[in-house]
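Q: Dropping the structure in here first, questions after.
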Protein chains: 2
Amino acid sequence: MTHQDFLKLAVAEGKKGMENKIGGPFGAVIVKNGEVIAKGSNRVTSTNDPTAHAEVTVIRLACEKLQDFQLSGCILYSSCEPCPMCLGAIYWARPDKVYYASSKVDAADAGFDDDFIYKELELPHAERSIPFEQDRIKESVTLFDDWKEMEGKTEY
Amino acid sequence: MTHQDFLKLAVAEGKKGMENKIGGPFGAVIVKNGEVIAKGSNRVTSTNDPTAHAEVTVIRLACEKLQDFQLSGCILYSSCEPCPMCLGAIYWARPDKVYYASSKVDAADAGFDDDFIYKELELPHAERSIPFEQDRIKESVTLFDDWKEMEGKTEY
């Protein structure tokens, strides 16, 4: 199968999820050594989980299958350019590459906030539509110090 | 309880999770009408789920409790500035406000990629450490058209 075939599979997952009212029109697959190890679609509205985008969903499924929190050697195919949440999830899961079909502008045109969130990321905290306020209490400073000194910890 | 009290609670959750080897030193709580409705900590390494940051974890728990995919009227308290994944998750869940204690620079100093991922977001796709490649196949264009025309859909 070619990269385009896997992308078509990702889009087909999104179409199926949309038609079955599982969630929005987004699908993704994860491939390792030429084999699909996870496929899924957006399931935000059917599971009341705003984090259940297609990419997050397949990352969780693939990690569960591999029993690992890293996706080294894997390629993620998504029907759409990952939103900032999914992009972050991809960086934490660390697959080798990402292919996507539609863009964040296409997603915005279909009524999704992807492009809006990318723009909010660049704003100072106080100017964001959801305000972010910092209070650097001493307990939080100590917590990182404790982590740095902790022995036998699993890093990620 | 004051905002600082809730922040201390978030840090305490992170400390507990770290000490019990559930995951990294990050905790969060979600408050609605002055009442804690969800609390949790990072559980990436113990559950093999790279998306199980403290904020994502409490958002999932709070949404499950409220049986809703939106957190209107809620405040999220986090022991650390949300990474791009968590920031995206917060925008999709839409709480009213976010308070956090440590910064992304503090997190980087403790060995976490938060600040690195923020910088990667600004790079052109081909220059990212995980390459992103687009192939706008016709099936993906059609999928959004189908969504726009779909009747009885649940938007989010």
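Residues are named by chain letter and number: chains run A, B, ... in the order of the structure tokens, numbers start at 1 in each chain, and ligands are numbered from 1 in the order shown.
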Taking 3 positions as the minimum chain separation for residues in the same chain, which residues sit within 8 Å of region 7-11 of chain A when counting only C-alpha atoms? Answer as a PyMOL selection string.
A: (chain A and resi 3-4+14-15+26-29+39-40+77-79+99-101) or (chain B and resi 137+139-140+143)
Q: Any idea what's packed within 9 Å of region 55-71 of chain A, counting only C-alpha atoms, ignoring anything in its chain fewer than 2 positions away? Could you give it as a PyMOL selection string?
A: (chain A and resi 26-30+32+37-43+51-53+73-78+82+85-87+89-90+92-96+156) or (chain B and resi 44-45+47-51)
Q: Would you write out those residues with C-alpha atoms, as a PDB file, in the first residue's frame?
A:
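Contents of result-v2.pdb, freshly written:
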ATOM      1  CA  PHE A  26     -12.082  12.922  11.026  1.00  0.00           C
ATOM      2  CA  GLY A  27     -10.247   9.622  10.806  1.00  0.00           C
ATOM      3  CA  ALA A  28      -6.719   8.371  11.339  1.00  0.00           C
ATOM      4  CA  VAL A  29      -4.628   5.221  11.090  1.00  0.00           C
ATOM      5  CA  ILE A  30      -1.232   4.261  12.465  1.00  0.00           C
ATOM      6  CA  LYS A  32       4.134   0.149  11.542  1.00  0.00           C
ATOM      7  CA  ILE A  37      -1.852  -1.320  13.844  1.00  0.00           C
ATOM      8  CA  ALA A  38      -4.638   1.093  14.821  1.00  0.00           C
ATOM      9  CA  LYS A  39      -7.472   2.880  13.090  1.00  0.00           C
ATOM     10  CA  GLY A  40     -10.189   5.107  14.418  1.00  0.00           C
ATOM     11  CA  SER A  41     -12.237   8.222  14.105  1.00  0.00           C
ATOM     12  CA  ASN A  42     -13.278  11.230  16.115  1.00  0.00           C
ATOM     13  CA  ARG A  43     -15.588  10.198  18.955  1.00  0.00           C
ATOM     14  CA  THR A  51      -9.990  14.977  23.722  1.00  0.00           C
ATOM     15  CA  ALA A  52     -11.197  12.027  21.611  1.00  0.00           C
ATOM     16  CA  HIS A  53     -10.072  13.403  18.276  1.00  0.00           C
ATOM     17  CA  GLY A  73       8.951   3.362  13.818  1.00  0.00           C
ATOM     18  CA  CYS A  74       5.307   4.280  13.234  1.00  0.00           C
ATOM     19  CA  ILE A  75       3.663   6.598  10.714  1.00  0.00           C
ATOM     20  CA  LEU A  76       0.436   8.414  11.506  1.00  0.00           C
ATOM     21  CA  TYR A  77      -2.026   9.136   8.687  1.00  0.00           C
ATOM     22  CA  SER A  78      -4.802  11.618   9.360  1.00  0.00           C
ATOM     23  CA  PRO A  82      -3.756  17.811  13.341  1.00  0.00           C
ATOM     24  CA  MET A  85      -3.981  19.241  20.821  1.00  0.00           C
ATOM     25  CA  CYS A  86      -3.314  16.403  18.383  1.00  0.00           C
ATOM     26  CA  LEU A  87      -0.028  17.929  17.270  1.00  0.00           C
ATOM     27  CA  ALA A  89      -0.100  14.384  21.358  1.00  0.00           C
ATOM     28  CA  ILE A  90       1.938  13.394  18.290  1.00  0.00           C
ATOM     29  CA  TRP A  92       4.606  13.143  23.003  1.00  0.00           C
ATOM     30  CA  ALA A  93       3.985   9.819  21.202  1.00  0.00           C
ATOM     31  CA  ARG A  94       6.866  10.474  18.774  1.00  0.00           C
ATOM     32  CA  PRO A  95       5.938   8.591  15.579  1.00  0.00           C
ATOM     33  CA  ASP A  96       8.461   8.995  12.748  1.00  0.00           C
ATOM     34  CA  TYR A 156       9.067  10.047  28.984  1.00  0.00           C
TER      35      TYR A 156
ATOM     36  CA  VAL B  44       1.522   8.464  30.968  1.00  0.00           C
ATOM     37  CA  THR B  45       4.000   5.801  31.997  1.00  0.00           C
ATOM     38  CA  THR B  47      -1.023   3.410  31.506  1.00  0.00           C
ATOM     39  CA  ASN B  48       1.103   3.540  28.323  1.00  0.00           C
ATOM     40  CA  ASP B  49      -0.920   6.544  27.209  1.00  0.00           C
ATOM     41  CA  PRO B  50       1.197   9.502  26.044  1.00  0.00           C
ATOM     42  CA  THR B  51      -1.941  11.678  26.052  1.00  0.00           C
TER      43      THR B  51
END
Q: Of the candidates B:Arg128, B:Lys153, B:Lys16, B:Arg136, which shows the shortest atom-to-atom distance to chain A, using only C-alpha atoms?
A: B:Arg136
Q: Any idea what's packed within 9 Å of region 106-112 of chain A, counting only C-alpha atoms, ignoring anything in its chain fewer than 2 positions away? Could you give it as a ChimeraX atom specification?
A: /A:80-81,102-104,114-116 /B:141,144-145,147-148,155-156
Q: Which residue gives the smallest distance to chain A among B:Thr142, B:Thr2, B:Ser129, B:Gln134, with only C-alpha atoms counted?
A: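 Of B:Thr142, B:Thr2, B:Ser129, B:Gln134, the one nearest chain A is B:Gln134, counting only C-alpha atoms.
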Q: Just checking: using only C-alpha atoms, which residue out of A:Val36, A:Ala12, A:Met1, A:Val31 ends up closest to chain B?
A: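 So, comparing all the options, the nearest one is A:Ala12.
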Q: Name the residues of chain A that fall into strand (DSSP E or B) according to DSSP on the backbone, using the chain letters and numbers of this document, as a PyMOL selection string.
A: chain A and resi 27-32+35-41+74-80+97-102+132-134
Q: Can I get the selection written as a PDB file, in the first residue's frame, with N, CA and C atoms?
A:
ATOM      1  N   GLY A  27     -10.709  10.987  10.582  1.00  0.00           N
ATOM      2  CA  GLY A  27     -10.247   9.622  10.806  1.00  0.00           C
ATOM      3  C   GLY A  27      -8.730   9.565  10.766  1.00  0.00           C
ATOM      4  N   ALA A  28      -8.167   8.519  11.333  1.00  0.00           N
ATOM      5  CA  ALA A  28      -6.719   8.371  11.339  1.00  0.00           C
ATOM      6  C   ALA A  28      -6.343   6.898  11.433  1.00  0.00           C
ATOM      7  N   VAL A  29      -5.174   6.572  10.931  1.00  0.00           N
ATOM      8  CA  VAL A  29      -4.628   5.221  11.090  1.00  0.00           C
ATOM      9  C   VAL A  29      -3.147   5.328  11.457  1.00  0.00           C
ATOM     10  N   ILE A  30      -2.654   4.321  12.144  1.00  0.00           N
ATOM     11  CA  ILE A  30      -1.232   4.261  12.465  1.00  0.00           C
ATOM     12  C   ILE A  30      -0.667   2.979  11.857  1.00  0.00           C
ATOM     13  N   VAL A  31       0.455   3.157  11.175  1.00  0.00           N
ATOM     14  CA  VAL A  31       1.065   2.067  10.422  1.00  0.00           C
ATOM     15  C   VAL A  31       2.469   1.800  10.962  1.00  0.00           C
ATOM     16  N   LYS A  32       2.767   0.537  11.149  1.00  0.00           N
ATOM     17  CA  LYS A  32       4.134   0.149  11.542  1.00  0.00           C
ATOM     18  C   LYS A  32       4.596  -0.982  10.635  1.00  0.00           C
ATOM     19  N   GLU A  35       2.115  -2.212   8.138  1.00  0.00           N
ATOM     20  CA  GLU A  35       0.880  -2.842   8.615  1.00  0.00           C
ATOM     21  C   GLU A  35       0.084  -1.846   9.462  1.00  0.00           C
ATOM     22  N   VAL A  36      -1.223  -1.787   9.258  1.00  0.00           N
ATOM     23  CA  VAL A  36      -2.082  -0.914  10.068  1.00  0.00           C
ATOM     24  C   VAL A  36      -2.197  -1.521  11.463  1.00  0.00           C
ATOM     25  N   ILE A  37      -1.749  -0.764  12.490  1.00  0.00           N
ATOM     26  CA  ILE A  37      -1.852  -1.320  13.844  1.00  0.00           C
ATOM     27  C   ILE A  37      -2.984  -0.663  14.643  1.00  0.00           C
ATOM     28  N   ALA A  38      -3.491   0.460  14.142  1.00  0.00           N
ATOM     29  CA  ALA A  38      -4.638   1.093  14.821  1.00  0.00           C
ATOM     30  C   ALA A  38      -5.367   1.970  13.829  1.00  0.00           C
ATOM     31  N   LYS A  39      -6.688   1.967  13.918  1.00  0.00           N
ATOM     32  CA  LYS A  39      -7.472   2.880  13.090  1.00  0.00           C
ATOM     33  C   LYS A  39      -8.645   3.368  13.912  1.00  0.00           C
ATOM     34  N   GLY A  40      -9.092   4.576  13.627  1.00  0.00           N
ATOM     35  CA  GLY A  40     -10.189   5.107  14.418  1.00  0.00           C
ATOM     36  C   GLY A  40     -10.651   6.438  13.886  1.00  0.00           C
ATOM     37  N   SER A  41     -11.673   6.950  14.540  1.00  0.00           N
ATOM     38  CA  SER A  41     -12.237   8.222  14.105  1.00  0.00           C
ATOM     39  C   SER A  41     -12.553   9.069  15.324  1.00  0.00           C
ATOM     40  N   CYS A  74       6.685   4.226  13.743  1.00  0.00           N
ATOM     41  CA  CYS A  74       5.307   4.280  13.234  1.00  0.00           C
ATOM     42  C   CYS A  74       5.079   5.533  12.382  1.00  0.00           C
ATOM     43  N   ILE A  75       4.105   5.438  11.489  1.00  0.00           N
ATOM     44  CA  ILE A  75       3.663   6.598  10.714  1.00  0.00           C
ATOM     45  C   ILE A  75       2.190   6.827  11.008  1.00  0.00           C
ATOM     46  N   LEU A  76       1.834   8.079  11.254  1.00  0.00           N
ATOM     47  CA  LEU A  76       0.436   8.414  11.506  1.00  0.00           C
ATOM     48  C   LEU A  76      -0.157   9.073  10.263  1.00  0.00           C
ATOM     49  N   TYR A  77      -1.291   8.566   9.820  1.00  0.00           N
ATOM     50  CA  TYR A  77      -2.026   9.136   8.687  1.00  0.00           C
ATOM     51  C   TYR A  77      -3.321   9.722   9.212  1.00  0.00           C
ATOM     52  N   SER A  78      -3.583  10.983   8.873  1.00  0.00           N
ATOM     53  CA  SER A  78      -4.802  11.618   9.360  1.00  0.00           C
ATOM     54  C   SER A  78      -5.563  12.249   8.201  1.00  0.00           C
ATOM     55  N   SER A  79      -6.886  12.195   8.283  1.00  0.00           N
ATOM     56  CA  SER A  79      -7.693  12.787   7.210  1.00  0.00           C
ATOM     57  C   SER A  79      -7.553  14.307   7.185  1.00  0.00           C
ATOM     58  N   CYS A  80      -7.044  14.889   8.286  1.00  0.00           N
ATOM     59  CA  CYS A  80      -6.935  16.354   8.359  1.00  0.00           C
ATOM     60  C   CYS A  80      -5.672  16.740   9.133  1.00  0.00           C
ATOM     61  N   LYS A  97       6.728  10.017  11.374  1.00  0.00           N
ATOM     62  CA  LYS A  97       6.240  10.980  10.378  1.00  0.00           C
ATOM     63  C   LYS A  97       4.723  11.048  10.400  1.00  0.00           C
ATOM     64  N   VAL A  98       4.200  12.147   9.890  1.00  0.00           N
ATOM     65  CA  VAL A  98       2.752  12.341   9.811  1.00  0.00           C
ATOM     66  C   VAL A  98       2.376  12.725   8.379  1.00  0.00           C
ATOM     67  N   TYR A  99       1.394  12.047   7.830  1.00  0.00           N
ATOM     68  CA  TYR A  99       0.788  12.451   6.558  1.00  0.00           C
ATOM     69  C   TYR A  99      -0.637  12.886   6.839  1.00  0.00           C
ATOM     70  N   TYR A 100      -1.071  13.961   6.212  1.00  0.00           N
ATOM     71  CA  TYR A 100      -2.463  14.390   6.390  1.00  0.00           C
ATOM     72  C   TYR A 100      -3.034  14.871   5.066  1.00  0.00           C
ATOM     73  N   ALA A 101      -4.364  14.884   4.985  1.00  0.00           N
ATOM     74  CA  ALA A 101      -5.028  15.236   3.724  1.00  0.00           C
ATOM     75  C   ALA A 101      -5.537  16.688   3.756  1.00  0.00           C
ATOM     76  N   SER A 102      -6.651  16.949   4.401  1.00  0.00           N
ATOM     77  CA  SER A 102      -7.177  18.320   4.450  1.00  0.00           C
ATOM     78  C   SER A 102      -6.340  19.183   5.389  1.00  0.00           C
ATOM     79  N   PHE A 132      -5.575  32.639  30.939  1.00  0.00           N
ATOM     80  CA  PHE A 132      -4.623  31.787  31.660  1.00  0.00           C
ATOM     81  C   PHE A 132      -3.887  32.661  32.658  1.00  0.00           C
ATOM     82  N   GLU A 133      -3.923  32.298  33.931  1.00  0.00           N
ATOM     83  CA  GLU A 133      -3.269  33.106  34.956  1.00  0.00           C
ATOM     84  C   GLU A 133      -2.280  32.261  35.754  1.00  0.00           C
ATOM     85  N   GLN A 134      -1.074  32.801  35.933  1.00  0.00           N
ATOM     86  CA  GLN A 134      -0.053  32.050  36.679  1.00  0.00           C
ATOM     87  C   GLN A 134       0.071  32.528  38.118  1.00  0.00           C
TER      88      GLN A 134
END
